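Since the structure comes first, as structure tokens, the remarks are kept for the end.
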Amino acid sequence: MIKKFILIIPILLNGILLSQHKFLNIPKLSDEDLKSEKSEKYPDAPAEVLYRSIHFLIDYNGFLTKNVVDRVKIYNKNNASEYLDQKITLYDDGKGLYETLSNLKANTYNFENGKKVTTKVERNEKYNSTEDKNYKVTKFAFSGVKDGSVVECSYSVYTPFMGSTPRVLIEDKIPVRYVEFVLDTPKPFGYTINYKGDVSPQHRLVEEANMYGSPYFTYRFGYDDIPAFKDEKYVQNNDNYKTGVKAEINSVMNNGVLKSLAISWKDIRKRLYDHDDFGGQLSKDHLVKGLLPATVNDLPSNLEKARQVLRYVQQNYTWNKEDNVVTDKGIRNLISTKVGNSAEINLLLTMLLRNVGIKAEPVVLSTIKRGMLLAYNPSINQLNYVLSSFEDNGKLYLLDGTLKQSDINLISPKALNYYGIIMTKDEAKQINILYPDVSQNTYAVDAKMNPDGTFEGRFIDRDNKLFALVANEKYLEDKEKFSKTYRESYKFPYSNITHQLQDNGDFETSFDFSGDTFADVIGNKIVFNPLLFLYTQNHDFNQTEPRRAPLEFFSAFDRVKKVTITLPESYVFENVPKSKKFRTEDSALQYSYLVTQEGNKLTIETTVKVDDPVFPKEYYPAFTQIFDNITKQEAQVVTAVKK
């Protein structure tokens with residue numbers, strides 16, 4: 001049961017806010033900024049935003065131009081690589097409406113021999129690529145960058161999609177000396193400014209004025225001296241918790257008549273069902289007749305039928321790694337080629353479930369990377385993924401056919417993004433989308449101590465349920481990178497390493513090991529930590545700044561370490577630790593340290609139990625306290641003494 005969740009409420013900025021500050025006023029790059037070797041206020045920063053302006057200008061024809069100016073000082077180029085390679089994404093709806101890029105300029109400035117030297121990014125150093133049929137990307141890298149350089153780019157994106165602006169993040173991973181958000185819109189268009197975050201603008205201007213030769217509304221927010229946003233651990237997407245500004249159209253005045261454009265999720269539902277690539281595909285139920293084995297209909301329960309339908313989709317169709325809320329080439333093409341995007345796979349799954357008498361409905365959502373679904377702000381632009389769902393005996397079940405290893409309620413981790421919307425033919429219903437079960441990670445070590453204080457044995461790292469799905473997905477994505485994580489974590493000699501998905505769905509990594517660094521030999525005594533290499537001196541809940549985001553774990557979990565050590569016949573144990581348990585008052589977080597001894601064999605089994613996939617940020621001190629105690633408990637050592 002999910003009993004903890006985070007609800008984000010938008011702050012609407014209304015009314016007249018006056019400011020003497022000059023917006024859209026690009027400052028001259030000073031020699032002082034060019035010559036500086038470190039940030040004055042943040043000396044450890046690898047880079048610093050000197051000036052950033054994002055200006056949205058809408059004309060009376062309803063077209064939007066996004067003008068960007070971005071100037072960044074580089075102090076340590078090796079630690080600021082993400083600011084040296086730029087990517088500008090343009091959208092094409094495939095139906096004649098598309099975005100265009102213009103006025104792209106990119107320069108690197110250095111201070112050499114007492115003067116500013118400019119290195120331009122030339123036309124042949126910029127290149128375009130197509131990510132899929134809807135997105136084209138212009139990429140370039142700044143030239144001549146070294147420690148102390150300033151990189152600057154400016155460009156304009158012209159777009160017919162003026163219903164909403166992209167969310168502008170005010171905070172960055174590096175300090176920001178100044179950033180501004182500006183929206184200038186003709187008076188007939190009414191916009192709501194959705195503002196989320198903790199940082200308030202020092203400069204504000206919201207007013208009606210004659211601009212560009214016509215009556216306009218302007219919304220302007222400027223920010224000075226913003227510290228770097230530090231990414232927090234156990235957060236799926238830190239951008240969700242940065243201060244951001246986004247504009248959404250809510251009305252238009254036409255010939256003196258005010259028309260409300262505010263929409264609900266029910267309006268989005270209608271648009272999707274009227275869309276040829278969503279509702280139009282679902283209506284083609286004749287395409288799926290006769291696809292399933294006839295034996296599926298003979299199964300006694302909806303759950304068994306649903307599982308067999310899911311298995312059929314997994315065995316016969318392959319996801320092409322593209323996500324969308326609508327189909328690309330359609331269900332007919334998927335059935336023919338056996339390959340399709342996430343919408344095609346899961347809309348087909350929905351159709352097949354209906355074909356065996358299950359009242360299945362599609363669920364639309366935003367994936368974790370795309371950002372948290374703003375349920376209070378309905379927009380089709382937020383959506384980029386589809387699941388299938390059905391109810392049975394009052395319980396809702398979710399299915400995802402894109403992954404070969406998924407199961408009922410065991411869906412792709414990227415879809416576990418708090419909320420989704422069930423889209424039926426008659427209604428749109430918001431649901432929570434968090435993994436409802438408990439996953440387990442078990443580290444098992446079976447070790448033998450030699451008389452010289454060296455150890456040898458076998459190690460098994462086993463994950464089940466959602467953890468197994470995550471591990472297998474990472475392994476299949478890049479096997480070499482996956483193996484490298486073990487080489488970096490375990491520095492002692494090991495051999496015969498294997499990574500394998502088990503028949504029961506568990507994912508297991510195992511290897512044989514040996515080592516001479518686990519114990520200290522003192523005369524006839526050998527002292528060591530009975531957890532061997534599973535003992536860590538520190539933990540991850542050591543954040544000193546106030547927590548901003550909730551703790552997000554994907555799944556409630558049990559994490560088990562089980563180490564069995566066998567001594568040579570000539571040795572006995574001394575100073576064996578005692579078993580111990582502790583927990584939070586509500587038992588949401590529990591820990592046990594269990595010690596079992598049988599002659600010259602000692603077993604230590606520790607278990608951490610976390611009973612929810614998400615905890616409010618107020619729980620962070622409790623995690624810190626519990627894990628401080630865990631670290632102390634697991635620091636205990638034992639002594640092996642020669643008889």
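Residue numbering restarts at 1 for every chain of the structure tokens, chains are lettered A, B, ... in their displayed order, and ligands are numbered from 1 as they appear.
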Quick one: which stretch 124-161 of chain A residues come within 9 Å of stretch 100-105 of chain A, and what is the nearest atom pair for each with the distance in Å to one decimal, counting only C-alpha atoms, rows ordered by chain and ascending number, as CSV?
residue,atom,partner,partner_atom,distance
A:Thr138,CA,A:Leu101,CA,8.7
A:Glu152,CA,A:Lys105,CA,8.1
A:Cys153,CA,A:Lys105,CA,5.4
A:Ser154,CA,A:Lys105,CA,5.4
A:Tyr155,CA,A:Leu104,CA,4.3
A:Ser156,CA,A:Ser102,CA,5.3
A:Val157,CA,A:Leu101,CA,4.7
A:Tyr158,CA,A:Thr100,CA,5.2
A:Thr159,CA,A:Thr100,CA,6.7
Please, which residues in stretch 60-134 of chain A fall within 10 Å of stretch 175-191 of chain A when counting only C-alpha atoms, and what is the closest atom pair and distance in Å to one decimal for each, ordered by chain then residue number, as a tab-separated table?
residue	atom	partner	partner_atom	distance
A:Tyr60	CA	A:Pro186	CA	6.0
A:Asn61	CA	A:Pro186	CA	9.4
A:Gly62	CA	A:Phe189	CA	8.6
A:Leu64	CA	A:Thr185	CA	8.9
A:Lys66	CA	A:Leu183	CA	9.3
A:Asn67	CA	A:Val182	CA	9.7
A:Val69	CA	A:Val179	CA	9.9
A:Asp70	CA	A:Val179	CA	9.1
A:Arg71	CA	A:Tyr178	CA	10.0
A:Val72	CA	A:Val176	CA	9.0
Distance atom CA of A:Lys484-atom CA of A:Ser510, one decimal place?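 Interatomic distance, atom CA of A:Lys484 to atom CA of A:Ser510: 14.0 Å.
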If we count only C-alpha atoms and set the cut-off at 6 Å, which residues sit around A:Lys562, ignoring sequence neighbours fewer than 3 positions away in its own chain? Please answer as a count of residues only. 3
Set the distance at 10 Å and use only C-alpha atoms: which residues neighbour stretch 615-626 of chain A once local chain neighbours fewer than 4 positions away are removed? I'd like the list as an MDAnalysis selection string. chainID A and resid 3:6 539:543 546:553 582:585 588:591 608 610:611 630:631
I need the residues in stretch 388-478 of chain A that are strand (DSSP E) according to DSSP; give them as a tab-separated table (two decimals) with all heavy atoms, in the first residue's frame.
chain	number	residue	atom	x	y	z
A	388	SER	N	-0.93	-0.33	-20.33
A	388	SER	CA	-2.25	-0.94	-20.39
A	388	SER	C	-2.71	-1.24	-18.97
A	388	SER	O	-1.87	-1.47	-18.08
A	388	SER	CB	-2.23	-2.23	-21.22
A	388	SER	OG	-3.53	-2.75	-21.38
A	389	SER	N	-4.02	-1.23	-18.74
A	389	SER	CA	-4.54	-1.46	-17.39
A	389	SER	C	-5.88	-2.19	-17.45
A	389	SER	O	-6.58	-2.16	-18.47
A	389	SER	CB	-4.72	-0.13	-16.65
A	389	SER	OG	-5.83	0.58	-17.16
A	390	PHE	N	-6.21	-2.84	-16.34
A	390	PHE	CA	-7.56	-3.41	-16.19
A	390	PHE	C	-7.85	-3.56	-14.70
A	390	PHE	O	-6.93	-3.60	-13.87
A	390	PHE	CB	-7.69	-4.76	-16.91
A	390	PHE	CG	-6.91	-5.88	-16.28
A	390	PHE	CD1	-7.50	-6.76	-15.38
A	390	PHE	CD2	-5.56	-6.07	-16.60
A	390	PHE	CE1	-6.78	-7.79	-14.80
A	390	PHE	CE2	-4.84	-7.11	-16.03
A	390	PHE	CZ	-5.44	-7.98	-15.13
A	391	GLU	N	-9.13	-3.62	-14.37
A	391	GLU	CA	-9.55	-3.84	-12.98
A	391	GLU	C	-10.10	-5.25	-12.83
A	391	GLU	O	-10.77	-5.76	-13.74
A	391	GLU	CB	-10.60	-2.81	-12.57
A	391	GLU	CG	-10.04	-1.42	-12.33
A	391	GLU	CD	-11.03	-0.50	-11.65
A	391	GLU	OE1	-11.93	-1.02	-10.93
A	391	GLU	OE2	-10.93	0.72	-11.84
A	392	ASP	N	-9.82	-5.84	-11.69
A	392	ASP	CA	-10.34	-7.17	-11.40
A	392	ASP	C	-10.61	-7.26	-9.89
A	392	ASP	O	-9.70	-7.01	-9.09
A	392	ASP	CB	-9.33	-8.24	-11.82
A	392	ASP	CG	-9.94	-9.64	-11.78
A	392	ASP	OD1	-10.89	-9.89	-12.53
A	392	ASP	OD2	-9.46	-10.47	-10.97
A	395	LYS	N	-9.50	-4.23	-7.90
A	395	LYS	CA	-8.09	-3.88	-7.85
A	395	LYS	C	-7.59	-3.54	-9.25
A	395	LYS	O	-7.93	-4.22	-10.22
A	395	LYS	CB	-7.27	-5.03	-7.26
A	395	LYS	CG	-5.80	-4.70	-7.05
A	395	LYS	CD	-5.07	-5.83	-6.35
A	395	LYS	CE	-3.60	-5.48	-6.13
A	395	LYS	NZ	-2.87	-6.59	-5.47
A	396	LEU	N	-6.77	-2.48	-9.34
A	396	LEU	CA	-6.24	-2.04	-10.61
A	396	LEU	C	-4.90	-2.72	-10.88
A	396	LEU	O	-4.03	-2.79	-10.01
A	396	LEU	CB	-6.06	-0.52	-10.62
A	396	LEU	CG	-5.47	0.08	-11.89
A	396	LEU	CD1	-6.46	-0.04	-13.05
A	396	LEU	CD2	-5.09	1.55	-11.66
A	397	TYR	N	-4.72	-3.19	-12.12
A	397	TYR	CA	-3.47	-3.83	-12.53
A	397	TYR	C	-2.90	-3.09	-13.74
A	397	TYR	O	-3.65	-2.66	-14.63
A	397	TYR	CB	-3.70	-5.30	-12.89
A	397	TYR	CG	-4.16	-6.14	-11.71
A	397	TYR	CD1	-5.52	-6.36	-11.50
A	397	TYR	CD2	-3.24	-6.69	-10.83
A	397	TYR	CE1	-5.95	-7.13	-10.43
A	397	TYR	CE2	-3.67	-7.46	-9.75
A	397	TYR	CZ	-5.02	-7.67	-9.55
A	397	TYR	OH	-5.44	-8.42	-8.49
A	398	LEU	N	-1.57	-2.95	-13.77
A	398	LEU	CA	-0.88	-2.28	-14.87
A	398	LEU	C	0.00	-3.28	-15.60
A	398	LEU	O	0.60	-4.17	-14.99
A	398	LEU	CB	-0.02	-1.13	-14.33
A	398	LEU	CG	-0.75	-0.01	-13.60
A	398	LEU	CD1	0.25	0.99	-13.03
A	398	LEU	CD2	-1.73	0.70	-14.53
A	399	LEU	N	0.10	-3.12	-16.94
A	399	LEU	CA	0.92	-4.00	-17.75
A	399	LEU	C	1.73	-3.17	-18.74
A	399	LEU	O	1.28	-2.12	-19.22
A	399	LEU	CB	0.07	-5.01	-18.53
A	399	LEU	CG	-0.81	-5.97	-17.73
A	399	LEU	CD1	-2.20	-5.38	-17.55
A	399	LEU	CD2	-0.90	-7.32	-18.41
A	418	TYR	N	5.05	8.58	-10.27
A	418	TYR	CA	4.01	9.10	-9.39
A	418	TYR	C	2.60	8.98	-9.95
A	418	TYR	O	1.73	8.39	-9.32
A	418	TYR	CB	4.28	10.57	-9.02
A	418	TYR	CG	5.40	10.76	-8.05
A	418	TYR	CD1	6.68	11.10	-8.50
A	418	TYR	CD2	5.21	10.61	-6.69
A	418	TYR	CE1	7.73	11.28	-7.61
A	418	TYR	CE2	6.24	10.80	-5.78
A	418	TYR	CZ	7.51	11.12	-6.25
A	418	TYR	OH	8.53	11.29	-5.37
A	419	TYR	N	2.33	9.58	-11.13
A	419	TYR	CA	0.95	9.69	-11.59
A	419	TYR	C	0.80	9.24	-13.04
A	419	TYR	O	1.73	9.32	-13.84
A	419	TYR	CB	0.45	11.14	-11.50
A	419	TYR	CG	0.68	11.80	-10.18
A	419	TYR	CD1	1.59	12.85	-10.05
A	419	TYR	CD2	0.00	11.37	-9.04
A	419	TYR	CE1	1.81	13.46	-8.83
A	419	TYR	CE2	0.22	11.98	-7.81
A	419	TYR	CZ	1.13	13.02	-7.71
A	419	TYR	OH	1.35	13.61	-6.50
A	420	GLY	N	-0.40	8.80	-13.37
A	420	GLY	CA	-0.79	8.54	-14.75
A	420	GLY	C	-2.27	8.83	-14.87
A	420	GLY	O	-2.97	9.03	-13.86
A	421	ILE	N	-2.75	8.86	-16.10
A	421	ILE	CA	-4.17	9.13	-16.34
A	421	ILE	C	-4.76	7.98	-17.15
A	421	ILE	O	-4.31	7.70	-18.27
A	421	ILE	CB	-4.38	10.45	-17.12
A	421	ILE	CG1	-3.59	11.60	-16.49
A	421	ILE	CG2	-5.86	10.79	-17.20
A	421	ILE	CD1	-4.07	12.04	-15.13
A	422	ILE	N	-5.74	7.28	-16.57
A	422	ILE	CA	-6.47	6.26	-17.32
A	422	ILE	C	-7.41	6.96	-18.28
A	422	ILE	O	-8.21	7.81	-17.88
A	422	ILE	CB	-7.28	5.33	-16.38
A	422	ILE	CG1	-6.35	4.54	-15.46
A	422	ILE	CG2	-8.14	4.37	-17.21
A	422	ILE	CD1	-7.09	3.63	-14.49
A	423	MET	N	-7.28	6.62	-19.56
A	423	MET	CA	-8.10	7.25	-20.59
A	423	MET	C	-9.11	6.24	-21.14
A	423	MET	O	-8.77	5.38	-21.95
A	423	MET	CB	-7.21	7.78	-21.73
A	423	MET	CG	-6.27	8.90	-21.33
A	423	MET	SD	-7.20	10.40	-20.92
A	423	MET	CE	-5.85	11.56	-20.61
A	428	ALA	N	-11.52	10.51	-17.86
A	428	ALA	CA	-10.08	10.51	-17.58
A	428	ALA	C	-9.92	10.46	-16.07
A	428	ALA	O	-10.47	11.29	-15.35
A	428	ALA	CB	-9.42	11.76	-18.15
A	429	LYS	N	-9.17	9.48	-15.58
A	429	LYS	CA	-9.06	9.26	-14.15
A	429	LYS	C	-7.59	9.20	-13.74
A	429	LYS	O	-6.83	8.39	-14.28
A	429	LYS	CB	-9.77	7.96	-13.77
A	429	LYS	CG	-9.68	7.59	-12.31
A	429	LYS	CD	-10.35	6.23	-12.06
A	429	LYS	CE	-10.20	5.79	-10.61
A	429	LYS	NZ	-10.78	4.43	-10.40
A	430	GLN	N	-7.22	10.06	-12.79
A	430	GLN	CA	-5.83	10.06	-12.32
A	430	GLN	C	-5.59	8.90	-11.36
A	430	GLN	O	-6.42	8.60	-10.51
A	430	GLN	CB	-5.51	11.38	-11.60
A	430	GLN	CG	-4.08	11.45	-11.08
A	430	GLN	CD	-3.79	12.76	-10.37
A	430	GLN	OE1	-4.28	13.81	-10.75
A	430	GLN	NE2	-2.99	12.69	-9.31
A	431	ILE	N	-4.43	8.25	-11.52
A	431	ILE	CA	-4.05	7.16	-10.62
A	431	ILE	C	-2.61	7.36	-10.16
A	431	ILE	O	-1.82	8.05	-10.81
A	431	ILE	CB	-4.17	5.78	-11.32
A	431	ILE	CG1	-3.25	5.72	-12.55
A	431	ILE	CG2	-5.61	5.49	-11.68
A	431	ILE	CD1	-3.12	4.33	-13.15
A	432	ASN	N	-2.27	6.76	-9.03
A	432	ASN	CA	-0.88	6.70	-8.59
A	432	ASN	C	-0.17	5.59	-9.34
A	432	ASN	O	-0.71	4.50	-9.53
A	432	ASN	CB	-0.79	6.42	-7.08
A	432	ASN	CG	-1.17	7.62	-6.26
A	432	ASN	OD1	-1.03	8.75	-6.69
A	432	ASN	ND2	-1.66	7.38	-5.05
A	433	ILE	N	1.05	5.87	-9.79
A	433	ILE	CA	1.86	4.84	-10.44
A	433	ILE	C	3.17	4.71	-9.69
A	433	ILE	O	4.14	5.43	-9.95
A	433	ILE	CB	2.11	5.15	-11.92
A	433	ILE	CG1	0.78	5.24	-12.68
A	433	ILE	CG2	2.98	4.07	-12.55
A	433	ILE	CD1	0.92	5.42	-14.16
A	438	VAL	N	7.28	-5.36	-2.65
A	438	VAL	CA	8.58	-5.23	-1.99
A	438	VAL	C	9.62	-6.01	-2.78
A	438	VAL	O	9.44	-7.20	-3.05
A	438	VAL	CB	8.54	-5.75	-0.53
A	438	VAL	CG1	9.91	-5.65	0.11
A	438	VAL	CG2	7.50	-4.99	0.28
A	439	SER	N	10.69	-5.34	-3.19
A	439	SER	CA	11.78	-6.00	-3.90
A	439	SER	C	12.89	-6.33	-2.92
A	439	SER	O	13.02	-5.70	-1.86
A	439	SER	CB	12.32	-5.10	-5.02
A	439	SER	OG	11.30	-4.75	-5.92
A	440	GLN	N	13.71	-7.30	-3.29
A	440	GLN	CA	14.78	-7.72	-2.38
A	440	GLN	C	16.11	-7.78	-3.13
A	440	GLN	O	16.19	-8.21	-4.27
A	440	GLN	CB	14.48	-9.09	-1.79
A	440	GLN	CG	15.48	-9.50	-0.69
A	440	GLN	CD	15.07	-10.78	0.03
A	440	GLN	OE1	15.28	-11.87	-0.47
A	440	GLN	NE2	14.46	-10.61	1.19
A	441	ASN	N	17.14	-7.31	-2.42
A	441	ASN	CA	18.52	-7.44	-2.89
A	441	ASN	C	19.28	-8.22	-1.82
A	441	ASN	O	19.27	-7.85	-0.64
A	441	ASN	CB	19.14	-6.06	-3.09
A	441	ASN	CG	20.64	-6.09	-3.28
A	441	ASN	OD1	21.36	-5.44	-2.55
A	441	ASN	ND2	21.12	-6.87	-4.24
A	442	THR	N	19.93	-9.31	-2.23
A	442	THR	CA	20.64	-10.17	-1.29
A	442	THR	C	22.09	-10.32	-1.72
A	442	THR	O	22.38	-10.71	-2.86
A	442	THR	CB	20.00	-11.57	-1.21
A	442	THR	OG1	18.64	-11.44	-0.80
A	442	THR	CG2	20.73	-12.44	-0.20
A	443	TYR	N	23.00	-9.99	-0.78
A	443	TYR	CA	24.42	-10.26	-0.97
A	443	TYR	C	24.77	-11.47	-0.11
A	443	TYR	O	24.57	-11.44	1.11
A	443	TYR	CB	25.28	-9.08	-0.51
A	443	TYR	CG	25.08	-7.80	-1.27
A	443	TYR	CD1	24.60	-6.66	-0.62
A	443	TYR	CD2	25.38	-7.70	-2.63
A	443	TYR	CE1	24.42	-5.47	-1.30
A	443	TYR	CE2	25.21	-6.51	-3.31
A	443	TYR	CZ	24.73	-5.40	-2.64
A	443	TYR	OH	24.56	-4.22	-3.32
A	444	ALA	N	25.26	-12.51	-0.73
A	444	ALA	CA	25.60	-13.73	0.02
A	444	ALA	C	27.09	-14.05	-0.19
A	444	ALA	O	27.56	-14.12	-1.33
A	444	ALA	CB	24.74	-14.90	-0.43
A	445	VAL	N	27.80	-14.25	0.92
A	445	VAL	CA	29.22	-14.60	0.87
A	445	VAL	C	29.42	-15.89	1.65
A	445	VAL	O	29.02	-15.99	2.82
A	445	VAL	CB	30.10	-13.48	1.48
A	445	VAL	CG1	31.57	-13.92	1.50
A	445	VAL	CG2	29.94	-12.18	0.71
A	446	ASP	N	30.02	-16.86	1.01
A	446	ASP	CA	30.41	-18.11	1.67
A	446	ASP	C	31.93	-18.16	1.61
A	446	ASP	O	32.51	-18.39	0.54
A	446	ASP	CB	29.79	-19.31	0.97
A	446	ASP	CG	29.94	-20.60	1.78
A	446	ASP	OD1	30.59	-20.55	2.84
A	446	ASP	OD2	29.42	-21.63	1.34
A	447	ALA	N	32.60	-17.92	2.75
A	447	ALA	CA	34.05	-17.74	2.76
A	447	ALA	C	34.73	-18.71	3.71
A	447	ALA	O	34.17	-19.12	4.72
A	447	ALA	CB	34.39	-16.30	3.16
A	448	LYS	N	35.97	-19.04	3.37
A	448	LYS	CA	36.82	-19.88	4.21
A	448	LYS	C	38.08	-19.09	4.54
A	448	LYS	O	38.72	-18.53	3.65
A	448	LYS	CB	37.18	-21.17	3.48
A	448	LYS	CG	38.06	-22.11	4.30
A	448	LYS	CD	38.38	-23.39	3.53
A	448	LYS	CE	39.35	-23.11	2.39
A	448	LYS	NZ	39.81	-24.35	1.73
A	449	MET	N	38.41	-19.03	5.85
A	449	MET	CA	39.64	-18.38	6.27
A	449	MET	C	40.77	-19.40	6.28
A	449	MET	O	40.61	-20.52	6.79
A	449	MET	CB	39.49	-17.76	7.66
A	449	MET	CG	40.65	-16.84	8.04
A	449	MET	SD	40.66	-16.40	9.79
A	449	MET	CE	41.49	-17.86	10.48
A	455	PHE	N	41.59	-15.10	2.79
A	455	PHE	CA	40.24	-15.64	2.63
A	455	PHE	C	40.01	-16.04	1.17
A	455	PHE	O	40.59	-15.47	0.25
A	455	PHE	CB	39.19	-14.60	3.03
A	455	PHE	CG	39.05	-14.38	4.50
A	455	PHE	CD1	39.94	-13.56	5.19
A	455	PHE	CD2	38.04	-15.00	5.23
A	455	PHE	CE1	39.82	-13.35	6.55
A	455	PHE	CE2	37.90	-14.80	6.59
A	455	PHE	CZ	38.79	-13.98	7.26
A	456	GLU	N	39.15	-17.00	0.99
A	456	GLU	CA	38.70	-17.37	-0.35
A	456	GLU	C	37.25	-17.84	-0.23
A	456	GLU	O	36.80	-18.29	0.83
A	456	GLU	CB	39.57	-18.46	-0.94
A	456	GLU	CG	39.64	-19.74	-0.11
A	456	GLU	CD	40.66	-20.71	-0.68
A	456	GLU	OE1	41.85	-20.34	-0.73
A	456	GLU	OE2	40.24	-21.83	-1.04
A	457	GLY	N	36.51	-17.69	-1.33
A	457	GLY	CA	35.11	-18.11	-1.28
A	457	GLY	C	34.34	-17.68	-2.50
A	457	GLY	O	34.91	-17.38	-3.55
A	458	ARG	N	33.03	-17.63	-2.34
A	458	ARG	CA	32.14	-17.29	-3.45
A	458	ARG	C	31.16	-16.20	-3.01
A	458	ARG	O	30.67	-16.20	-1.88
A	458	ARG	CB	31.38	-18.52	-3.92
A	458	ARG	CG	30.52	-18.27	-5.16
A	458	ARG	CD	30.22	-19.54	-5.92
A	458	ARG	NE	29.46	-19.27	-7.14
A	458	ARG	CZ	29.98	-18.84	-8.28
A	458	ARG	NH1	31.30	-18.61	-8.34
A	458	ARG	NH2	29.24	-18.63	-9.35
A	459	PHE	N	30.90	-15.29	-3.94
A	459	PHE	CA	30.00	-14.17	-3.69
A	459	PHE	C	28.85	-14.22	-4.69
A	459	PHE	O	29.05	-14.45	-5.88
A	459	PHE	CB	30.75	-12.85	-3.84
A	459	PHE	CG	29.87	-11.63	-3.85
A	459	PHE	CD1	29.14	-11.27	-2.73
A	459	PHE	CD2	29.77	-10.82	-4.99
A	459	PHE	CE1	28.33	-10.14	-2.73
A	459	PHE	CE2	28.96	-9.70	-5.00
A	459	PHE	CZ	28.24	-9.35	-3.87
A	460	ILE	N	27.62	-14.00	-4.19
A	460	ILE	CA	26.43	-13.95	-5.04
A	460	ILE	C	25.65	-12.67	-4.72
A	460	ILE	O	25.36	-12.39	-3.55
A	460	ILE	CB	25.53	-15.18	-4.82
A	460	ILE	CG1	26.26	-16.46	-5.22
A	460	ILE	CG2	24.23	-15.04	-5.62
A	460	ILE	CD1	25.47	-17.72	-4.92
A	461	ASP	N	25.36	-11.92	-5.76
A	461	ASP	CA	24.53	-10.71	-5.66
A	461	ASP	C	23.24	-11.00	-6.42
A	461	ASP	O	23.24	-11.12	-7.64
A	461	ASP	CB	25.28	-9.53	-6.29
A	461	ASP	CG	24.47	-8.25	-6.31
A	461	ASP	OD1	23.31	-8.26	-5.86
A	461	ASP	OD2	24.99	-7.22	-6.79
A	462	ARG	N	22.13	-11.12	-5.69
A	462	ARG	CA	20.87	-11.53	-6.33
A	462	ARG	C	19.79	-10.47	-6.08
A	462	ARG	O	19.59	-10.02	-4.94
A	462	ARG	CB	20.40	-12.87	-5.78
A	462	ARG	CG	19.09	-13.38	-6.40
A	462	ARG	CD	18.66	-14.70	-5.81
A	462	ARG	NE	19.46	-15.81	-6.29
A	462	ARG	CZ	19.07	-16.65	-7.24
A	462	ARG	NH1	17.90	-16.49	-7.82
A	462	ARG	NH2	19.84	-17.64	-7.62
A	463	ASP	N	19.09	-10.09	-7.16
A	463	ASP	CA	17.97	-9.16	-7.09
A	463	ASP	C	16.71	-9.86	-7.54
A	463	ASP	O	16.75	-10.72	-8.44
A	463	ASP	CB	18.21	-7.95	-8.01
A	463	ASP	CG	19.39	-7.11	-7.57
A	463	ASP	OD1	19.44	-6.74	-6.39
A	463	ASP	OD2	20.25	-6.82	-8.42
Report, in Å with one decimal, the straight-line distance from atom CA of A:Ile522 to atom CA of A:Ser489.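 The value is 27.9 Å.
Here the question is which of A:Lys580, A:Lys22, A:Lys126, A:Lys146 gets nearest to A:Ala47 using only C-alpha atoms, and that residue is A:Lys146.
Between atom CA of A:Ile411 and atom CA of A:Thr337 there is a distance of 23.7 Å.
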Give me the residues near A:Tyr127 as a ChimeraX atom specification, where near means some atom within 12 Å (using only C-alpha atoms) and where sequence neighbours in that chain fewer than 5 positions away do not count. /A:86-88,121-122,136-141
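Proximity ranking of A:Ser164, A:Asn450, A:Ser483, A:Asn417 relative to A:Ser555 places A:Asn417 first, based on only C-alpha atoms.
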So which bits of stretch 201-434 of chain A end up helix (DSSP H, G or I) when you DSSP the backbone, as a VMD selection string? chain A and resid 238 to 241 265 to 274 279 to 282 285 to 288 294 to 298 302 to 316 331 to 337 342 to 355 380 to 382 413 to 415
Set the distance at 8 Å and use only C-alpha atoms: which residues neighbour A:Leu282 once local chain neighbours fewer than 2 positions away are removed? I'd like the list as a VMD selection string. chain A and resid 278 to 280 284 to 285 347 to 348 351
Find the residues near A:Ser36: any atom within 12 Å, counting only C-alpha atoms, skip ones fewer than 4 places away on the same chain, and give them as number ranges by chain. A: 30-32, 40, 43, 47-48, 73-76, 110-111, 147-150
